[in-house]
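Engineer: Handing you this structure, nothing more for now.
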Amino acid sequence: VSQSRYGAWWRYRRDWRGGAGQLVMDLGEDRDARRFYQSVGIDVWTEGELTLLPSTSLATSVLTGSDIKVVASTHHVYILDTTGIYRSSDLTTWTQITVTGTPTDLDTDGITVYISTSSKLYKIDNTTTTPTQLANKGYDRVWFAGNYLFTSLANSLHTISSSGAETKILDHFQVGFTWTTVFAVGSKVYAGGYAGNTSELYGFTISSTGTLVIGAEASQFGHNELLLSAVSHVGSVLLCTSKGIRLSTVGADSSITYGPLIDDPGAVYAAFAEGQYVWFGWPSIEANKSGTGRVNLAISTSTLQPAYATDVYTSVAGTVTGVVKFNGRIVFAVSGNGVYKSSTTNYVSSGWLSSGRVHYGSVEEKSITDALVNTEGLAAGEKIDVLVTDDDGTEIEEISGNQVGLKTLDVQLNGEKANYFEVKVTLHGPGTTTPTFHYWRTRAFPVVPPVEQYVVPLMLYSKTVINDAQGQLYSVDIKDEMEFLIEAWRSKRPLTYIENQMVRRVRLEAYEYSPTEWSDSQLGFEGTFVVRLVTL
């Protein structure tokens with residue numbers, strides 16, 4: 001990008017796959033040209049395109065507890081809260097699964113689903129609606145990881161054999177410890193949880209008898225960052241904590257190394273991985289909107305920091321306690337409300353994306369001159385709005401269009417001045433289609449600070465008559481004065497120039513000395529020292 005002071009500086013965006021979280025768009029060496037600040041309702045994951053995300057609808061409100069669990073097997077989605085368990089193969093019709101005791105948790109190996117209650121442990125597959133008792137004992141949590149079935153009860157962690165036999169791995173020394181996750185990365189298995197304000201995550205070793213033995217702590221967390229869940233996928237692990245999410249990898253020594261905290265979502269209780277993406281719970285996307293975020297594992301903005309953005313949502317507020325993908329749909333549970341599913345045919349009615357602060361690569365003031373936007377060509381019921389604001393949030397221009405077939409809008413602006421500008425793209429649709437937005441471009445000129453110059457003759461004479469009416473005699477040390485002026489010219493240090501009531505801060509840019517006569521003291525020439533002063 002040319003930064004000539006005589007031509008317009010331009011900025012554009014046509015690729016947003018770097019994800020959200022970048023407040024300053026283009027000032028600093030670490031800025032990613034594919035990132036933006038925030039979005040709601042916008043799919044950013046195709047190069048050169050912004051489109052509306054799928055809408056969502058209530059899949060069922062048969063369960064509305066505060067902690068709704070969701071898992072997806074090959075054939076069904078299962079949901080659970082303390083009042084019951086249901087499953088569906090189409091996300092429309094739900095069948096109750098009858099168990100003994102209060103339901104507490106469930107997990108799957110892909111085919112079989114394992115269900116824990118306050119008094120029993122069950123398993124069930126797609127061939128029946130009647131679960132089989134696996135153990136005559138209740139558990140708080142259940143996980144399937146690394147070809148092992150794990151359960152926890154209070155601070156105790158166990159494995160369960162295919163016949164239902166329990167093997168205790170550990171009674172955590174803290175009675176109040178809560179096990180929250182078990183996962184595997186290849187052949188390595190990990191389990192973790194928290195007590196009070198401290199989280200712990202452990203790796204396992206295998207004893208000489210082939211049983212799992214909990215080993216050294218695999219990673220440490222800061223105080224008050226509680227490990228709530230984790231999902232492993234293609235060699236990486238997404239850690240979900242009370243403060244956000246972290247991407248991590250497993251070292252040769254089985255240690256877990258995680259990257260920077262992504263704290264925009266707040267507390268994250270659940271995640272689900274498929275392909276290059278991980279969907280995770282996002283409890284407050286916007287006022288009265290909760291749903292999911294999406295991580296793109298194929299794009300990193302820095303070491304162990306993946307691209308992310310908000311994803312499908314529903315217009316209710318609440319903690320997202322479960323997320324899965326089933327038959328091409330995102331399914332998520334919202335505490336106190338029910339289970340929601342994304343549409344395969346419909347879109348949200350509107351969505352927006354904010355560029356962040358566009359500085360044109362400089363902290364100096366700029367004057368914005370024009371803006372250009374381009375779309376695929378609008379269909380009936382579709383509309384685009386592109387809002388340009390200044391650094392006070394004041395609207396400079398809103399570029400809007402809803403004409404069928406519209407592809408390009410080019411708007412001349414009035415040269416409004418600001419340190420930075422922001423561009424907000426809003427897409428509107430009828431619900432059955434979505435606009436496709438390709439790019440925006442703005443241009444601005446640098447506002448060069450005004451510079452004044454003064455050419456001032458300084459009289460360097462050993463004797464000068466001033467105030468003619470009184471005949472005062474003014475004397476200067478010509479040598480000292482010249483040395484002072486020449487040093488000021490060399491150093492370019494700030495000086496104060498006073499002329500009558502005018503005061504200016506200046507530097508001595510150049511000088512010329514015109515001698516006129518030999519001094520009476522025989523110390524050199526006297527004359528006029530002409531200086532060029534430039535304001536700072």
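Here's how to read the names in the structure tokens: chain A, B, ... by the order shown, residue numbers from 1 in each chain, ligand numbers from 1 in the order shown.
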Which residues are close to region 152-157 of chain A, i.e. within 7 Å by only C-alpha atoms, leaving aside same-chain residues fewer than 3 positions away? Reply as a PDB file with N, CA and C atoms, in the first residue's frame.
Structural biologist:
```pdb
ATOM      1  N   TYR A 139     -23.511 -42.915  39.655  1.00  0.00           N
ATOM      2  CA  TYR A 139     -22.320 -42.071  39.485  1.00  0.00           C
ATOM      3  C   TYR A 139     -22.751 -40.652  39.133  1.00  0.00           C
ATOM      4  N   ASP A 140     -21.838 -39.714  39.375  1.00  0.00           N
ATOM      5  CA  ASP A 140     -22.095 -38.314  39.027  1.00  0.00           C
ATOM      6  C   ASP A 140     -21.846 -38.040  37.548  1.00  0.00           C
ATOM      7  N   ARG A 141     -20.759 -38.604  37.002  1.00  0.00           N
ATOM      8  CA  ARG A 141     -20.362 -38.337  35.628  1.00  0.00           C
ATOM      9  C   ARG A 141     -19.923 -39.625  34.959  1.00  0.00           C
ATOM     10  N   VAL A 142     -19.992 -39.618  33.618  1.00  0.00           N
ATOM     11  CA  VAL A 142     -19.544 -40.764  32.839  1.00  0.00           C
ATOM     12  C   VAL A 142     -18.888 -40.253  31.554  1.00  0.00           C
ATOM     13  N   LYS A 168     -11.240 -48.663  40.939  1.00  0.00           N
ATOM     14  CA  LYS A 168     -10.994 -47.285  41.379  1.00  0.00           C
ATOM     15  C   LYS A 168      -9.585 -46.866  40.975  1.00  0.00           C
ATOM     16  N   ILE A 169      -9.489 -45.703  40.362  1.00  0.00           N
ATOM     17  CA  ILE A 169      -8.193 -45.154  39.982  1.00  0.00           C
ATOM     18  C   ILE A 169      -7.643 -44.259  41.068  1.00  0.00           C
ATOM     19  N   LEU A 170      -8.525 -43.400  41.624  1.00  0.00           N
ATOM     20  CA  LEU A 170      -8.029 -42.428  42.579  1.00  0.00           C
ATOM     21  C   LEU A 170      -9.169 -41.850  43.407  1.00  0.00           C
ATOM     22  N   ASP A 171      -8.896 -41.698  44.698  1.00  0.00           N
ATOM     23  CA  ASP A 171      -9.682 -40.811  45.549  1.00  0.00           C
ATOM     24  C   ASP A 171      -8.861 -39.532  45.684  1.00  0.00           C
ATOM     25  N   HIS A 172      -9.332 -38.458  45.051  1.00  0.00           N
ATOM     26  CA  HIS A 172      -8.574 -37.215  45.126  1.00  0.00           C
ATOM     27  C   HIS A 172      -8.466 -36.775  46.579  1.00  0.00           C
ATOM     28  N   VAL A 175     -11.570 -33.592  49.237  1.00  0.00           N
ATOM     29  CA  VAL A 175     -12.908 -34.187  49.233  1.00  0.00           C
ATOM     30  C   VAL A 175     -13.842 -33.426  48.304  1.00  0.00           C
ATOM     31  N   GLY A 176     -13.646 -32.116  48.185  1.00  0.00           N
ATOM     32  CA  GLY A 176     -14.522 -31.303  47.344  1.00  0.00           C
ATOM     33  C   GLY A 176     -14.119 -31.253  45.886  1.00  0.00           C
ATOM     34  N   PHE A 177     -13.160 -32.085  45.466  1.00  0.00           N
ATOM     35  CA  PHE A 177     -12.722 -32.062  44.070  1.00  0.00           C
ATOM     36  C   PHE A 177     -13.826 -32.611  43.165  1.00  0.00           C
ATOM     37  N   THR A 178     -14.048 -31.931  42.021  1.00  0.00           N
ATOM     38  CA  THR A 178     -15.052 -32.355  41.043  1.00  0.00           C
ATOM     39  C   THR A 178     -14.356 -32.725  39.745  1.00  0.00           C
ATOM     40  N   TRP A 179     -14.527 -33.967  39.301  1.00  0.00           N
ATOM     41  CA  TRP A 179     -14.002 -34.392  38.005  1.00  0.00           C
ATOM     42  C   TRP A 179     -14.934 -33.862  36.913  1.00  0.00           C
TER      43      TRP A 179
END
```
Engineer: For His359 (chain A), find every residue with an atom within 8 Å (counting only C-alpha atoms), except residues of its own chain fewer than 5 positions away, and show them as number ranges by chain.
Structural biologist: A: 24-27, 419-421
Engineer: So that I can see what lies close to Ala20 (chain A), please list as a ChimeraX atom specification the residues with an atom at most 10 Å from it, counting only C-alpha atoms and leaving out residues fewer than 5 positions away in the same chain.
Structural biologist: /A:34-39,44,264,307-310,353-356
Engineer: Considering only C-alpha atoms, can you say which of A:Ala287, A:Val237, A:Ile111, A:Val534 comes closest to Ser73 (chain A)?
Structural biologist: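 Closest to Ser73 (chain A) of all the choices is A:Ile111.
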Engineer: Quick one: residues within 9 Å of region 192-199 of chain A, only C-alpha atoms, excluding same-chain residues fewer than 6 positions away - as a PyMOL selection string?
Structural biologist: chain A and resi 174-182+220-229
Engineer: What lies within 6 Å of Ser290 (chain A) using only C-alpha atoms, ignoring chain neighbours under 3 positions off, as JSON, numbers by chain?
Structural biologist: {"A": [283, 284, 285, 313, 314, 317]}
Engineer: What's around region 87-99 of chain A at 7 Å? Count only C-alpha atoms, leave out sequence neighbours fewer than 2 positions away in its own chain, and write the answer as a PDB file with all heavy atoms, in the first residue's frame.
Structural biologist:
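Wrote it out as out-v4.pdb, contents follow:
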```
ATOM      1  N   ALA A  59     -35.785 -27.455  19.159  1.00  0.00           N
ATOM      2  CA  ALA A  59     -35.935 -28.869  18.823  1.00  0.00           C
ATOM      3  C   ALA A  59     -36.867 -29.560  19.807  1.00  0.00           C
ATOM      4  O   ALA A  59     -37.655 -30.427  19.422  1.00  0.00           O
ATOM      5  CB  ALA A  59     -34.577 -29.565  18.811  1.00  0.00           C
ATOM      6  N   HIS A  75     -26.650 -42.713  15.314  1.00  0.00           N
ATOM      7  CA  HIS A  75     -28.048 -42.791  14.901  1.00  0.00           C
ATOM      8  C   HIS A  75     -28.982 -41.831  15.627  1.00  0.00           C
ATOM      9  O   HIS A  75     -30.082 -41.573  15.137  1.00  0.00           O
ATOM     10  CB  HIS A  75     -28.567 -44.217  15.105  1.00  0.00           C
ATOM     11  CG  HIS A  75     -27.815 -45.257  14.334  1.00  0.00           C
ATOM     12  ND1 HIS A  75     -26.735 -45.940  14.870  1.00  0.00           N
ATOM     13  CD2 HIS A  75     -27.960 -45.696  13.067  1.00  0.00           C
ATOM     14  CE1 HIS A  75     -26.265 -46.784  13.965  1.00  0.00           C
ATOM     15  NE2 HIS A  75     -26.986 -46.652  12.859  1.00  0.00           N
ATOM     16  N   HIS A  76     -28.583 -41.321  16.794  1.00  0.00           N
ATOM     17  CA  HIS A  76     -29.506 -40.529  17.595  1.00  0.00           C
ATOM     18  C   HIS A  76     -28.793 -39.384  18.310  1.00  0.00           C
ATOM     19  O   HIS A  76     -27.580 -39.437  18.553  1.00  0.00           O
ATOM     20  CB  HIS A  76     -30.189 -41.400  18.679  1.00  0.00           C
ATOM     21  CG  HIS A  76     -31.053 -42.468  18.142  1.00  0.00           C
ATOM     22  ND1 HIS A  76     -30.596 -43.747  17.889  1.00  0.00           N
ATOM     23  CD2 HIS A  76     -32.387 -42.473  17.819  1.00  0.00           C
ATOM     24  CE1 HIS A  76     -31.585 -44.498  17.435  1.00  0.00           C
ATOM     25  NE2 HIS A  76     -32.680 -43.750  17.379  1.00  0.00           N
ATOM     26  N   VAL A  77     -29.587 -38.379  18.682  1.00  0.00           N
ATOM     27  CA  VAL A  77     -29.182 -37.384  19.660  1.00  0.00           C
ATOM     28  C   VAL A  77     -29.878 -37.721  20.966  1.00  0.00           C
ATOM     29  O   VAL A  77     -31.091 -37.975  20.992  1.00  0.00           O
ATOM     30  CB  VAL A  77     -29.567 -35.955  19.212  1.00  0.00           C
ATOM     31  CG1 VAL A  77     -29.398 -34.972  20.370  1.00  0.00           C
ATOM     32  CG2 VAL A  77     -28.709 -35.514  18.042  1.00  0.00           C
ATOM     33  N   TYR A  78     -29.109 -37.763  22.052  1.00  0.00           N
ATOM     34  CA  TYR A  78     -29.646 -38.020  23.388  1.00  0.00           C
ATOM     35  C   TYR A  78     -29.543 -36.750  24.217  1.00  0.00           C
ATOM     36  O   TYR A  78     -28.526 -36.038  24.157  1.00  0.00           O
ATOM     37  CB  TYR A  78     -28.855 -39.126  24.090  1.00  0.00           C
ATOM     38  CG  TYR A  78     -29.087 -40.518  23.534  1.00  0.00           C
ATOM     39  CD1 TYR A  78     -28.495 -40.922  22.337  1.00  0.00           C
ATOM     40  CD2 TYR A  78     -29.862 -41.442  24.237  1.00  0.00           C
ATOM     41  CE1 TYR A  78     -28.680 -42.207  21.836  1.00  0.00           C
ATOM     42  CE2 TYR A  78     -30.055 -42.737  23.748  1.00  0.00           C
ATOM     43  CZ  TYR A  78     -29.473 -43.105  22.544  1.00  0.00           C
ATOM     44  OH  TYR A  78     -29.669 -44.376  22.059  1.00  0.00           O
ATOM     45  N   ILE A  79     -30.579 -36.457  24.974  1.00  0.00           N
ATOM     46  CA  ILE A  79     -30.553 -35.317  25.887  1.00  0.00           C
ATOM     47  C   ILE A  79     -30.963 -35.782  27.278  1.00  0.00           C
ATOM     48  O   ILE A  79     -31.710 -36.752  27.425  1.00  0.00           O
ATOM     49  CB  ILE A  79     -31.476 -34.173  25.407  1.00  0.00           C
ATOM     50  CG1 ILE A  79     -32.924 -34.655  25.305  1.00  0.00           C
ATOM     51  CG2 ILE A  79     -30.977 -33.626  24.074  1.00  0.00           C
ATOM     52  CD1 ILE A  79     -33.896 -33.537  24.932  1.00  0.00           C
ATOM     53  N   ILE A  85     -34.605 -38.537  30.345  1.00  0.00           N
ATOM     54  CA  ILE A  85     -33.696 -38.771  29.223  1.00  0.00           C
ATOM     55  C   ILE A  85     -34.539 -39.010  27.978  1.00  0.00           C
ATOM     56  O   ILE A  85     -35.518 -39.770  28.018  1.00  0.00           O
ATOM     57  CB  ILE A  85     -32.798 -40.001  29.471  1.00  0.00           C
ATOM     58  CG1 ILE A  85     -32.060 -39.863  30.805  1.00  0.00           C
ATOM     59  CG2 ILE A  85     -31.812 -40.194  28.333  1.00  0.00           C
ATOM     60  CD1 ILE A  85     -31.495 -41.164  31.304  1.00  0.00           C
ATOM     61  N   GLY A 101     -33.619 -44.045  39.140  1.00  0.00           N
ATOM     62  CA  GLY A 101     -32.801 -43.023  39.765  1.00  0.00           C
ATOM     63  C   GLY A 101     -32.851 -41.710  39.005  1.00  0.00           C
ATOM     64  O   GLY A 101     -33.459 -41.596  37.932  1.00  0.00           O
ATOM     65  N   THR A 129     -35.007 -49.258  22.688  1.00  0.00           N
ATOM     66  CA  THR A 129     -35.300 -48.066  23.496  1.00  0.00           C
ATOM     67  C   THR A 129     -35.222 -48.384  24.981  1.00  0.00           C
ATOM     68  O   THR A 129     -35.525 -47.523  25.814  1.00  0.00           O
ATOM     69  CB  THR A 129     -36.698 -47.529  23.164  1.00  0.00           C
ATOM     70  OG1 THR A 129     -37.668 -48.560  23.398  1.00  0.00           O
ATOM     71  CG2 THR A 129     -36.774 -47.067  21.714  1.00  0.00           C
ATOM     72  N   THR A 130     -34.833 -49.614  25.291  1.00  0.00           N
ATOM     73  CA  THR A 130     -34.723 -50.032  26.682  1.00  0.00           C
ATOM     74  C   THR A 130     -33.258 -50.181  27.055  1.00  0.00           C
ATOM     75  O   THR A 130     -32.548 -51.018  26.485  1.00  0.00           O
ATOM     76  CB  THR A 130     -35.440 -51.376  26.909  1.00  0.00           C
ATOM     77  OG1 THR A 130     -36.809 -51.241  26.522  1.00  0.00           O
ATOM     78  CG2 THR A 130     -35.364 -51.783  28.372  1.00  0.00           C
TER      79      THR A 130
END
```
Engineer: Would you please give, as a PyMOL selection string, all residues of region 220-399 of chain A that DSSP assigns to strand (DSSP E) based on the backbone?
Structural biologist: chain A and resi 220+227-233+236-241+244-250+256-258+271-274+277-286+289-302+305-314+320-326+329-334+338-347+350-358+366-375+383-389+395-399
Engineer: What's around Thr496 (chain A) at 7 Å? Count only C-alpha atoms, leave out sequence neighbours fewer than 4 positions away in its own chain, and write the answer as JSON, numbers by chain.
Structural biologist: {"A": [503, 504, 505, 506]}
Engineer: Those residues you just picked out, can you put them in a file as a PDB file, in the first residue's frame with N, CA, C and O atoms?
Structural biologist:
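The file below, part-v2.pdb, is the result:
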```
ATOM      1  N   VAL A 503       3.717  33.973  19.833  1.00  0.00           N
ATOM      2  CA  VAL A 503       4.696  33.029  20.388  1.00  0.00           C
ATOM      3  C   VAL A 503       4.605  31.730  19.591  1.00  0.00           C
ATOM      4  O   VAL A 503       3.511  31.165  19.425  1.00  0.00           O
ATOM      5  N   ARG A 504       5.720  31.267  19.084  1.00  0.00           N
ATOM      6  CA  ARG A 504       5.738  30.025  18.312  1.00  0.00           C
ATOM      7  C   ARG A 504       6.875  29.126  18.806  1.00  0.00           C
ATOM      8  O   ARG A 504       7.948  29.610  19.172  1.00  0.00           O
ATOM      9  N   ARG A 505       6.613  27.818  18.770  1.00  0.00           N
ATOM     10  CA  ARG A 505       7.668  26.830  19.061  1.00  0.00           C
ATOM     11  C   ARG A 505       8.259  26.418  17.717  1.00  0.00           C
ATOM     12  O   ARG A 505       7.539  25.941  16.832  1.00  0.00           O
ATOM     13  N   VAL A 506       9.573  26.591  17.561  1.00  0.00           N
ATOM     14  CA  VAL A 506      10.195  26.451  16.249  1.00  0.00           C
ATOM     15  C   VAL A 506      11.504  25.671  16.356  1.00  0.00           C
ATOM     16  O   VAL A 506      12.006  25.413  17.454  1.00  0.00           O
TER      17      VAL A 506
END
```
Engineer: Counting only C-alpha atoms, which of A:Gln412, A:Thr432, A:Ser514, A:Ser116 gets nearest to Leu458 (chain A)?
Structural biologist: A:Ser514
Engineer: Ranking A:Asp107, A:Asp311, A:Glu422, A:Glu274 by minimum distance to Gly291 (chain A) and counting only C-alpha atoms, which one comes first?
Structural biologist: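 The closest residue to Gly291 (chain A) is A:Asp311.
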Engineer: Which of region 374-528 of chain A counts as alpha helix (DSSP H) under DSSP, as a PyMOL selection string please?
Structural biologist: chain A and resi 478-491
Engineer: Could you tell me how far CA of Val234 (chain A) sits from CA of Ile262 (chain A), in Å to one decimal place?
Structural biologist: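 Here the two named atoms are 20.4 Å from each other.
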Engineer: Rank nothing, just name the residue among A:Gly527, A:Thr433, A:Leu261, A:Ala444 nearest to Ser462 (chain A), using only C-alpha atoms.
Structural biologist: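 For Ser462 (chain A), the nearest of the given residues is A:Gly527.
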Engineer: Compare A:Val231, A:Leu53, A:Leu23, A:Ala488 by their minimum atom-to-atom distance to Ile330 (chain A), counting only C-alpha atoms, and give me the closest one.
Structural biologist: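 When distances to Ile330 (chain A) are compared using only C-alpha atoms, the smallest one comes from A:Leu53.
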Engineer: Using only C-alpha atoms, can you tell me which of A:Gly138, A:Gly524, A:Gly266, A:Gly401 comes closest to Val425 (chain A)?
Structural biologist: A:Gly401
